[in-house]
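Shown next: my_file-v3.csv, given as CSV, C-alpha atoms.
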```csv
chain,number,residue,atom,x,y,z
A,258,MET,CA,-21.0,6.9,-19.2
A,259,GLY,CA,-19.5,4.1,-17.1
A,260,GLY,CA,-17.8,2.6,-20.1
A,261,VAL,CA,-16.3,5.9,-21.1
A,262,SER,CA,-15.0,6.6,-17.6
A,263,SER,CA,-13.5,3.2,-17.4
A,264,THR,CA,-11.7,3.7,-20.7
A,265,ILE,CA,-10.3,7.1,-19.6
A,266,ALA,CA,-9.2,5.7,-16.2
A,267,SER,CA,-7.5,2.7,-17.9
A,268,LYS,CA,-5.4,5.0,-20.0
A,269,LEU,CA,-4.2,6.8,-16.9
A,270,ALA,CA,-3.7,3.8,-14.7
A,271,PHE,CA,-2.1,1.1,-16.8
A,272,PHE,CA,1.5,1.3,-18.2
A,273,PRO,CA,2.4,-2.2,-19.3
A,274,PRO,CA,6.2,-2.6,-19.9
A,275,GLU,CA,7.7,-4.2,-22.9
A,276,PRO,CA,7.3,-8.0,-22.6
A,277,SER,CA,10.3,-9.5,-20.7
A,278,TYR,CA,9.8,-13.1,-21.9
A,279,GLN,CA,8.9,-15.3,-24.8
A,280,VAL,CA,6.8,-18.5,-24.8
A,281,ASP,CA,7.7,-21.6,-26.6
A,282,LEU,CA,6.7,-25.3,-26.7
A,283,ASP,CA,9.2,-27.7,-25.2
A,284,GLU,CA,9.8,-30.5,-27.7
A,285,GLN,CA,10.5,-33.1,-25.1
A,286,THR,CA,7.7,-32.5,-22.7
A,287,GLN,CA,5.3,-30.9,-25.2
A,288,LYS,CA,4.5,-28.2,-22.6
A,289,LEU,CA,4.8,-24.5,-22.8
A,290,LYS,CA,7.9,-22.8,-21.2
A,291,LEU,CA,9.2,-19.3,-20.6
A,292,LEU,CA,12.1,-18.1,-22.7
A,293,GLY,CA,14.6,-15.5,-21.5
A,294,VAL,CA,13.8,-16.2,-17.8
A,295,SER,CA,16.3,-17.9,-15.5
A,296,GLN,CA,15.1,-21.1,-13.8
A,297,SER,CA,12.1,-21.2,-16.1
A,298,GLU,CA,12.0,-25.0,-15.8
A,299,LYS,CA,10.4,-24.4,-12.3
A,300,GLY,CA,7.3,-22.9,-13.8
A,301,GLU,CA,4.3,-24.5,-15.5
A,302,VAL,CA,3.0,-22.2,-18.2
A,303,SER,CA,-0.7,-22.1,-19.2
A,304,ILE,CA,-2.8,-20.1,-21.7
A,305,LEU,CA,-6.2,-19.2,-20.3
A,306,GLN,CA,-9.2,-17.8,-22.0
A,307,THR,CA,-11.2,-15.2,-20.0
A,308,LYS,CA,-14.9,-14.6,-20.1
A,309,ARG,CA,-14.2,-11.3,-22.0
A,310,GLY,CA,-12.5,-13.3,-24.8
A,311,HIS,CA,-8.9,-12.6,-24.1
A,312,TYR,CA,-6.0,-15.1,-23.9
A,313,ILE,CA,-3.7,-14.5,-20.9
A,314,PHE,CA,-0.6,-16.3,-19.7
A,315,SER,CA,-0.1,-17.7,-16.3
A,316,VAL,CA,2.8,-19.5,-14.5
A,317,PHE,CA,2.5,-22.0,-11.6
A,318,VAL,CA,5.5,-22.6,-9.3
A,319,ARG,CA,5.0,-25.8,-7.4
A,320,ASN,CA,6.3,-26.7,-3.9
A,321,LYS,CA,6.0,-30.4,-3.0
A,322,GLY,CA,5.5,-29.7,0.7
A,323,ALA,CA,2.9,-27.0,0.2
A,324,THR,CA,-0.6,-27.0,1.6
A,325,MET,CA,-1.4,-23.4,0.6
A,326,THR,CA,-1.4,-21.7,-2.8
A,327,LEU,CA,-0.8,-18.0,-3.4
A,328,LEU,CA,-2.7,-16.4,-6.3
A,329,TYR,CA,-0.5,-13.4,-7.0
A,330,SER,CA,-1.6,-10.3,-8.8
A,331,HIS,CA,1.4,-8.1,-9.7
A,332,GLY,CA,1.9,-4.4,-9.9
A,333,ASN,CA,1.5,-1.9,-12.7
A,334,ALA,CA,5.0,-1.9,-14.3
A,335,ALA,CA,5.8,-5.7,-14.3
A,336,ASP,CA,5.0,-9.0,-16.0
A,337,ILE,CA,5.4,-12.6,-15.0
A,338,GLY,CA,8.8,-12.7,-16.6
A,339,GLN,CA,10.1,-10.0,-14.3
A,340,MET,CA,8.3,-11.4,-11.3
A,341,PHE,CA,9.3,-15.1,-11.8
A,342,ARG,CA,12.4,-15.0,-9.6
A,343,PHE,CA,10.3,-13.5,-6.8
A,344,PHE,CA,7.7,-16.2,-7.3
A,345,ILE,CA,10.3,-18.9,-6.8
A,346,GLU,CA,11.6,-17.1,-3.6
A,347,LEU,CA,8.0,-16.9,-2.3
A,348,SER,CA,7.5,-20.6,-3.0
A,349,ASP,CA,10.8,-21.7,-1.4
A,350,ARG,CA,10.8,-19.5,1.7
A,351,LEU,CA,7.1,-19.7,2.5
A,352,ARG,CA,6.6,-23.3,1.4
A,353,VAL,CA,3.7,-22.5,-0.8
A,354,ASN,CA,2.6,-23.0,-4.4
A,355,VAL,CA,2.5,-19.7,-6.3
A,356,MET,CA,0.3,-18.9,-9.3
A,357,GLY,CA,1.2,-15.7,-11.2
A,358,TYR,CA,-0.5,-14.3,-14.3
A,359,ASP,CA,-0.3,-11.4,-16.7
A,360,TYR,CA,-3.3,-9.1,-17.2
A,361,ALA,CA,-4.8,-8.6,-20.6
A,362,GLY,CA,-2.3,-6.3,-22.5
A,363,TYR,CA,0.6,-7.3,-20.2
A,364,GLY,CA,3.5,-9.6,-21.1
A,365,ARG,CA,2.3,-12.0,-23.9
A,366,SER,CA,-1.4,-11.7,-23.0
A,367,ASN,CA,-3.5,-10.2,-25.7
A,368,GLY,CA,-6.1,-7.4,-25.4
A,369,GLU,CA,-6.0,-4.1,-23.6
A,370,PRO,CA,-5.7,-3.6,-19.9
A,371,SER,CA,-8.7,-2.3,-18.0
A,372,GLU,CA,-10.3,-2.6,-14.6
A,373,GLN,CA,-13.0,-5.0,-15.8
A,374,ASN,CA,-10.5,-7.0,-17.8
A,375,THR,CA,-8.3,-7.6,-14.7
A,376,TYR,CA,-11.4,-8.9,-12.9
A,377,ALA,CA,-12.1,-11.4,-15.7
A,378,ASP,CA,-8.4,-12.3,-15.8
A,379,ILE,CA,-8.1,-13.2,-12.1
A,380,GLU,CA,-11.4,-15.2,-12.3
A,381,ALA,CA,-9.9,-17.3,-15.2
A,382,VAL,CA,-6.8,-18.0,-13.1
A,383,TYR,CA,-8.9,-19.0,-10.1
A,384,LYS,CA,-10.9,-21.3,-12.3
A,385,CYS,CA,-7.7,-22.9,-13.5
A,386,LEU,CA,-6.5,-23.5,-10.0
A,387,LYS,CA,-9.7,-25.2,-9.1
A,388,GLU,CA,-10.2,-27.3,-12.2
A,389,ILE,CA,-6.7,-28.0,-13.5
A,390,TYR,CA,-4.6,-28.0,-10.3
A,391,GLU,CA,-7.5,-29.1,-8.1
A,392,VAL,CA,-6.8,-26.6,-5.4
A,393,LYS,CA,-9.7,-26.0,-3.0
A,394,GLU,CA,-11.0,-22.5,-2.3
A,395,GLU,CA,-10.1,-22.8,1.4
A,396,ASP,CA,-6.5,-23.6,0.4
A,397,ILE,CA,-6.0,-20.4,-1.6
A,398,ILE,CA,-4.5,-17.1,-0.3
A,399,LEU,CA,-5.0,-14.1,-2.6
A,400,TYR,CA,-1.9,-11.8,-2.8
A,401,GLY,CA,-2.2,-8.3,-4.4
A,402,GLN,CA,0.7,-5.9,-4.9
A,403,SER,CA,0.0,-2.2,-5.6
A,404,ILE,CA,-2.6,-2.0,-8.4
A,405,GLY,CA,-2.9,-5.8,-8.1
A,406,SER,CA,-4.9,-5.2,-4.9
A,407,GLY,CA,-7.8,-4.2,-7.1
A,408,PRO,CA,-8.5,-7.6,-8.7
A,409,THR,CA,-7.4,-9.3,-5.5
A,410,LEU,CA,-10.1,-7.6,-3.4
A,411,GLU,CA,-12.7,-7.9,-6.1
A,412,LEU,CA,-12.3,-11.7,-6.1
A,413,ALA,CA,-12.0,-11.9,-2.3
A,414,THR,CA,-15.5,-10.4,-1.9
A,415,LYS,CA,-16.9,-13.3,-3.9
A,416,LEU,CA,-15.1,-16.2,-2.1
A,417,PRO,CA,-16.3,-16.5,1.5
A,418,GLN,CA,-14.2,-19.6,2.1
A,419,ILE,CA,-10.9,-18.1,0.9
A,420,ARG,CA,-8.1,-18.7,3.4
A,421,GLY,CA,-6.6,-15.2,3.5
A,422,VAL,CA,-5.6,-12.0,1.7
A,423,ILE,CA,-2.2,-10.3,1.5
A,424,LEU,CA,-2.1,-6.7,0.4
A,425,GLN,CA,1.3,-5.2,-0.4
A,426,SER,CA,1.6,-1.5,-1.1
A,427,ALA,CA,-2.1,-1.5,-1.8
A,428,ILE,CA,-4.2,1.4,-3.0
A,429,LEU,CA,-7.5,2.7,-1.5
A,430,SER,CA,-8.6,3.5,-5.1
A,431,GLY,CA,-7.1,4.8,-8.3
A,432,LEU,CA,-7.9,8.5,-7.8
A,433,ARG,CA,-6.9,8.4,-4.1
A,434,VAL,CA,-3.4,7.8,-5.1
A,435,MET,CA,-3.3,11.3,-6.5
A,436,TYR,CA,-6.0,13.1,-4.6
A,437,ARG,CA,-7.4,13.3,-1.1
A,438,ILE,CA,-11.1,12.6,-1.7
A,439,LYS,CA,-13.7,11.7,1.0
A,440,TYR,CA,-16.2,9.9,-1.2
A,441,SER,CA,-15.7,7.5,-4.1
A,442,LEU,CA,-16.4,9.1,-7.4
A,443,TRP,CA,-18.1,7.4,-10.4
A,444,LEU,CA,-15.0,7.8,-12.6
A,445,ASP,CA,-12.7,6.1,-10.0
A,446,ILE,CA,-11.3,2.6,-10.5
A,447,TYR,CA,-10.4,-0.1,-8.0
A,448,LYS,CA,-12.5,1.2,-5.1
A,449,ASN,CA,-10.8,-1.0,-2.6
A,450,ILE,CA,-11.9,1.2,0.3
A,451,ASP,CA,-15.5,0.2,-0.4
A,452,LYS,CA,-14.8,-3.5,-0.8
A,453,ILE,CA,-12.4,-4.4,2.1
A,454,PRO,CA,-15.2,-4.4,4.7
A,455,TYR,CA,-16.8,-7.3,2.8
A,456,VAL,CA,-13.8,-9.6,2.9
A,457,SER,CA,-14.5,-12.4,5.3
A,458,CYS,CA,-11.1,-13.8,5.9
A,459,PRO,CA,-7.9,-12.7,7.7
A,460,VAL,CA,-6.2,-9.8,5.9
A,461,LEU,CA,-2.5,-9.0,6.2
A,462,VAL,CA,-1.4,-5.5,5.1
A,463,ILE,CA,2.2,-4.7,4.3
A,464,HIS,CA,3.3,-1.2,3.4
A,465,GLY,CA,6.5,0.9,3.5
A,466,THR,CA,6.5,4.0,5.6
A,467,GLU,CA,8.5,5.9,3.0
A,468,ASP,CA,6.4,4.8,0.0
A,469,ASP,CA,6.5,7.9,-2.3
A,470,ILE,CA,4.1,6.3,-4.9
A,471,VAL,CA,1.2,5.0,-2.7
A,472,ASP,CA,1.3,6.7,0.7
A,473,VAL,CA,1.4,4.5,3.8
A,474,SER,CA,-2.0,6.0,4.8
A,475,HIS,CA,-3.6,3.8,2.1
A,476,GLY,CA,-2.4,0.6,3.8
A,477,LYS,CA,-3.3,1.9,7.3
A,478,LYS,CA,-6.9,2.7,6.2
A,479,LEU,CA,-7.3,-0.6,4.5
A,480,TRP,CA,-6.2,-2.4,7.6
A,481,GLU,CA,-8.5,-0.3,9.8
A,482,LEU,CA,-11.5,-1.2,7.6
A,483,SER,CA,-10.7,-4.9,7.5
A,484,LYS,CA,-13.2,-7.1,9.2
A,485,MET,CA,-10.6,-9.8,10.2
A,486,LYS,CA,-7.4,-7.9,10.9
A,487,TYR,CA,-4.1,-9.7,11.1
A,488,GLU,CA,-1.1,-7.9,12.6
A,489,PRO,CA,0.1,-5.5,9.9
A,490,LEU,CA,3.7,-4.9,8.8
A,491,TRP,CA,4.7,-1.2,8.4
A,492,VAL,CA,8.2,-1.5,7.0
A,493,LYS,CA,10.2,1.4,8.4
A,494,GLY,CA,12.1,3.1,5.6
A,495,GLY,CA,10.5,0.8,3.0
A,496,ASN,CA,9.5,2.3,-0.4
A,497,HIS,CA,7.1,1.1,-3.0
A,498,CYS,CA,9.2,-1.5,-4.8
A,499,ASP,CA,11.8,-2.6,-2.3
A,500,LEU,CA,10.0,-4.2,0.6
A,501,GLN,CA,11.2,-7.7,-0.1
A,502,VAL,CA,14.8,-6.7,0.7
A,503,PHE,CA,13.9,-6.0,4.4
A,504,PRO,CA,14.4,-9.1,6.6
A,505,GLN,CA,11.1,-8.7,8.4
A,506,PHE,CA,9.2,-9.0,5.1
A,507,PHE,CA,9.5,-12.8,4.7
A,508,THR,CA,9.5,-13.4,8.4
A,509,HIS,CA,6.1,-11.7,8.8
A,510,LEU,CA,4.7,-13.4,5.7
A,511,LYS,CA,5.8,-16.8,7.1
A,512,LYS,CA,4.0,-16.1,10.4
A,513,PHE,CA,0.8,-15.3,8.5
A,514,ILE,CA,1.0,-18.5,6.4
A,515,ILE,CA,1.5,-20.6,9.6
A,516,SER,CA,-1.4,-18.8,11.3
A,517,VAL,CA,-3.9,-19.5,8.5
A,518,GLU,CA,-2.6,-23.1,8.2
A,519,ARG,CA,-3.4,-23.6,11.9
A,520,GLN,CA,-6.9,-22.1,11.2
A,521,SER,CA,-7.4,-25.1,8.8
A,522,ASP,CA,-6.3,-27.5,11.6
A,523,TYR,CA,-8.7,-25.8,14.0
A,524,SER,CA,-11.6,-26.3,11.5
A,525,LYS,CA,-10.8,-30.0,11.2
A,526,ASN,CA,-10.7,-30.4,15.0
A,527,VAL,CA,-14.0,-28.7,15.4
A,528,GLU,CA,-15.6,-31.2,12.9
A,529,LEU,CA,-14.1,-34.1,14.8
A,530,GLU,CA,-15.2,-32.7,18.1
A,531,GLU,CA,-18.8,-32.3,16.7
A,532,SER,CA,-18.8,-36.0,15.8
A,533,ILE,CA,-17.5,-37.0,19.2
A,534,ILE,CA,-20.2,-34.9,20.9
A,535,ASP,CA,-22.9,-36.5,18.8
A,536,LEU,CA,-21.6,-39.9,19.8
A,537,ASP,CA,-21.5,-39.0,23.5
A,538,TYR,CA,-25.1,-37.8,23.3
A,539,THR,CA,-26.2,-41.0,21.7
A,540,LEU,CA,-24.5,-43.1,24.4
A,541,ASP,CA,-26.0,-40.9,27.1
A,542,ILE,CA,-29.5,-41.5,25.8
A,543,THR,CA,-28.9,-45.3,25.5
A,544,ASN,CA,-27.7,-45.5,29.1
A,545,GLU,CA,-30.8,-43.5,30.2
A,546,ILE,CA,-33.1,-45.9,28.5
A,547,LYS,CA,-31.4,-48.9,30.1
A,548,CYS,CA,-32.1,-47.3,33.5
A,549,ARG,CA,-35.9,-47.2,33.0
A,550,PRO,CA,-37.8,-49.7,35.3
A,551,SER,CA,-38.8,-53.1,34.0
A,552,ILE,CA,-42.5,-54.2,33.8
A,553,GLU,CA,-42.0,-56.4,37.0
A,554,GLU,CA,-40.7,-53.3,38.9
A,555,ILE,CA,-43.7,-51.3,37.7
A,556,GLU,CA,-46.2,-54.0,38.9
A,557,LYS,CA,-44.4,-54.3,42.2
A,558,SER,CA,-44.6,-50.6,42.6
A,559,SER,CA,-48.4,-50.7,42.5
A,560,ARG,CA,-48.3,-51.8,46.2
A,561,ILE,CA,-46.4,-48.6,47.1
A,562,SER,CA,-47.9,-45.3,48.0
A,563,THR,CA,-48.8,-42.8,45.3
A,564,GLU,CA,-45.9,-40.6,46.3
A,565,GLN,CA,-43.4,-43.4,45.8
A,566,LYS,CA,-45.0,-44.3,42.4
A,567,GLU,CA,-44.1,-40.9,41.1
A,568,ILE,CA,-40.5,-41.4,42.1
A,569,ILE,CA,-39.9,-44.9,40.7
A,570,PRO,CA,-39.9,-44.0,36.9
A,571,ILE,CA,-36.4,-42.9,36.3
A,572,ARG,CA,-36.3,-39.9,33.9
A,573,PRO,CA,-33.3,-39.1,31.8
A,574,SER,CA,-30.9,-37.0,33.9
A,575,THR,CA,-31.1,-33.3,33.3
A,576,ASP,CA,-27.4,-33.1,33.9
A,577,ARG,CA,-26.8,-35.6,31.2
A,578,LYS,CA,-29.0,-33.7,28.8
A,579,LEU,CA,-26.9,-30.7,29.4
A,580,LYS,CA,-23.7,-32.5,28.7
A,581,PRO,CA,-23.7,-31.8,24.9
A,582,ARG,CA,-24.4,-28.1,25.7
A,583,ILE,CA,-21.3,-28.0,27.9
A,584,SER,CA,-19.2,-29.6,25.1
A,585,PHE,CA,-20.6,-27.1,22.8
A,586,ASP,CA,-19.4,-24.3,25.0
A,587,LYS,CA,-16.0,-25.9,25.0
A,588,ARG,CA,-16.2,-26.0,21.3
A,589,GLU,CA,-16.9,-22.3,21.2
A,590,LYS,CA,-13.9,-21.5,23.4
A,591,PRO,CA,-11.3,-22.1,20.6
A,592,ARG,CA,-13.4,-20.0,18.3
A,593,LYS,CA,-12.9,-17.1,20.6
A,594,SER,CA,-9.2,-17.4,20.0
A,595,MET,CA,-9.9,-16.4,16.4
A,596,ASP,CA,-10.2,-12.9,17.8
A,597,TYR,CA,-6.5,-13.0,17.3
A,598,PHE,CA,-7.2,-11.9,13.8
A,599,GLY,CA,-9.5,-9.2,15.1
A,600,LYS,CA,-6.9,-8.0,17.6
A,601,SER,CA,-6.2,-4.4,16.6
A,602,ARG,CA,-3.1,-2.6,17.6
A,603,SER,CA,-3.7,1.1,18.0
A,604,SER,CA,-2.5,2.8,14.9
A,605,THR,CA,-0.2,5.7,15.3
A,606,ASP,CA,-2.3,7.4,12.6
A,607,GLN,CA,-5.7,5.9,11.7
A,608,SER,CA,-6.8,8.9,9.7
A,609,GLU,CA,-5.9,9.0,6.1
A,610,ARG,CA,-2.9,11.3,5.9
A,611,GLY,CA,-2.4,11.2,2.2
A,612,ARG,CA,-0.1,13.6,0.4
A,613,ASN,CA,-0.9,17.0,-0.7
A,614,SER,CA,-3.4,17.1,-3.5
A,615,ILE,CA,-2.0,17.5,-7.0
A,616,ASP,CA,-4.0,20.2,-8.6
A,617,ARG,CA,-2.9,19.9,-12.1
A,618,PHE,CA,-3.6,17.0,-14.5
A,619,GLY,CA,-0.1,17.2,-15.9
A,620,ASP,CA,1.4,16.6,-12.5
A,621,MET,CA,-0.7,13.5,-12.0
A,622,MET,CA,0.5,12.1,-15.3
A,623,ARG,CA,4.1,12.8,-14.5
A,624,SER,CA,3.7,11.1,-11.1
A,625,VAL,CA,2.2,8.0,-12.5
A,626,ALA,CA,4.9,7.8,-15.2
A,627,MET,CA,7.6,8.1,-12.5
A,628,CYS,CA,6.0,5.2,-10.6
A,629,ASN,CA,6.4,2.9,-13.5
A,630,ILE,CA,9.9,4.1,-14.5
A,631,ASP,CA,11.2,3.6,-10.9
A,632,CYS,CA,9.7,0.2,-10.6
A,633,LEU,CA,11.1,-0.9,-14.0
A,634,LYS,CA,14.5,0.4,-13.2
A,635,GLN,CA,14.7,-1.5,-10.0
A,636,THR,CA,13.6,-4.7,-11.7
A,637,LEU,CA,16.2,-4.4,-14.4
A,638,ALA,CA,18.8,-3.6,-11.7
A,639,GLU,CA,17.9,-6.8,-9.9
A,640,GLU,CA,18.2,-8.9,-13.0
A,641,ASP,CA,21.7,-7.5,-13.7
```
Could you rewrite the structure in this file as structure tokens?
Amino acid sequence: MGGVSSTIASKLAFFPPEPSYQVDLDEQTQKLKLLGVSQSEKGEVSILQTKRGHYIFSVFVRNKGATMTLLYSHGNAADIGQMFRFFIELSDRLRVNVMGYDYAGYGRSNGEPSEQNTYADIEAVYKCLKEIYEVKEEDIILYGQSIGSGPTLELATKLPQIRGVILQSAILSGLRVMYRIKYSLWLDIYKNIDKIPYVSCPVLVIHGTEDDIVDVSHGKKLWELSKMKYEPLWVKGGNHCDLQVFPQFFTHLKKFIISVERQSDYSKNVELEESIIDLDYTLDITNEIKCRPSIEEIEKSSRISTEQKEIIPIRPSTDRKLKPRISFDKREKPRKSMDYFGKSRSSTDQSERGRNSIDRFGDMMRSVAMCNIDCLKQTLAEED
């Protein structure tokens, strides 16, 4: 039953566009390259095999000054050819590496798109980052746009050391885009509402207040359920596909990147402080041992009263023993500053507003189709 429901949901949820690019082998470098895409020389193309047997295409945009890498999962009506210009802009303005990929059935990737296939796709890309590009888990930020929030959150729940998660125009679940439902149903896909509480890293949510495809209530609910909340960005007047044209979009993204980079510096400082504390404790113990009375002093003390004998042996100072504990408290103090990520601003509307339920199946299909048509039109307009 689960396989049947997944197949039905996939037919309703995925609308891959016609491929916007070709892939060819560069005769000089003997490396794959994108054809039909401007500035394609800035991307490193790979073919990856997933655990479900599909071959998918990915593109890596490198920034020489980067310490972080974005693993980007795009929306429903796009492929890496259409997204490539945006990948370059992300890389340049945020000073990060960007890894984008096409789901099975999208672009030049083979197979058919489905929820489970997208999970296998993003795992293959993550494996490539670790093994081919030698990127550490703690230096990766997962970025999911629209339906790409599904594979993003699925992977985030499995990676406890991931640096951060960015959700742009994200969905609570597939069915919740069309219907206001209280509980997750067995036939639903991408149940992000059930997964977000298990993500153990800072989460940035970005959503347009005028999104007519995925209502802003989706983003607000996901932010509300996040365990480590970062200051969200509700783009006033923003729709589903145009958030990047607002000036605050890149400004807020940059703030988030800087914030999680500082988190890395904090972790290194804590490790260094732990080493210093251990060294201080060792020195304290050594000094205390040197202060113990010599044998001659002990023999001399035999002529002193019993009361004085009990005072002569010099015990390690209690205050000194407590010194590492005081340092530990100091070490805990910076950790409290991490509550910055937990700092919640009162949401103007924490309840899931949602739009009015669409009662007819035909209306749902028309709404989904319009989503993809609108996004595709905008993308083509940008290229022109």
Can you measure atom CA of Ala377 of chain A to atom CA of Val434 of chain A for me? One decimal in Å is fine. 23.6 Å
Distance criterion (all atoms listed in the file): nearest to Ser516 of chain A out of A:Ser457, A:Ile450, A:Lys299, A:Gly421: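 Nearest candidate to Ser516 of chain A out of A:Ser457, A:Ile450, A:Lys299, A:Gly421: A:Gly421.
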Leu327 of chain A: which residues within 9 Å, counting all atoms listed in the file, same-chain residues fewer than 5 positions away excluded, as number ranges by chain? A: 347-348, 353-357, 396-400
Within 12 Å of (-13.9, -18.2, -1.8), only C-alpha atoms: residues as number ranges by chain? A: 380, 383-384, 387, 392-399, 409-422, 456-458
Between A:Met485, A:Leu500, A:Leu432, A:Ile389, which is the closest to Glu467 of chain A once you count all atoms listed in the file? A:Leu500
Please list as a list in words every residue within 9 Å of segment 506-514 of chain A, counting only C-alpha atoms and excluding residues in the same chain fewer than 6 positions away.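 In the requested format, the answer is Met325, Leu347, Arg350, Leu351, Arg352, Val353, Ile398, Gly421, Ile423, Leu461, Ile463, Tyr487, Glu488, Pro489, Leu490, Val492 and Leu500 of chain A.
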Quick one: distance from atom CA of Cys498 of chain A to atom CA of Ser403 of chain A in Å, one decimal? 9.3 Å
Atom pair atom CA of Glu301 of chain A / atom CA of Ser371 of chain A: separation (Å): 25.8 Å
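Using only C-alpha atoms, the contacts of Tyr360 of chain A at a cut-off of 8 Å, with sequence neighbours closer than 3 positions omitted, comprise Ile313, Tyr363, Gly364, Ser366, Pro370, Asn374, Thr375 and Asp378 of chain A.
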Within 7 Å of segment 308-311 of chain A, counting only C-alpha atoms, which residues show up once you throw out same-chain ones fewer than 3 positions away? Write them as a list in words, please. Ala361, Asn367, Gly368 and Ala377 of chain A
Residue with smallest distance to Ile470 of chain A - pool A:Ile304, A:Leu386, A:Met435, A:Leu289, counting all atoms listed in the file: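 The shortest atom-to-atom distance to Ile470 of chain A comes from A:Met435.
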Taking all atoms of segment 429-445 of chain A that the file lists, what box with edges along x, y and z, padded by 8 Å per side, do you get, with centre and edge lengths in Å to one decimal, as JSON?
```
{"center_x": -10.7, "center_y": 8.0, "center_z": -5.8, "size_x": 30.8, "size_y": 26.6, "size_z": 29.6}
```
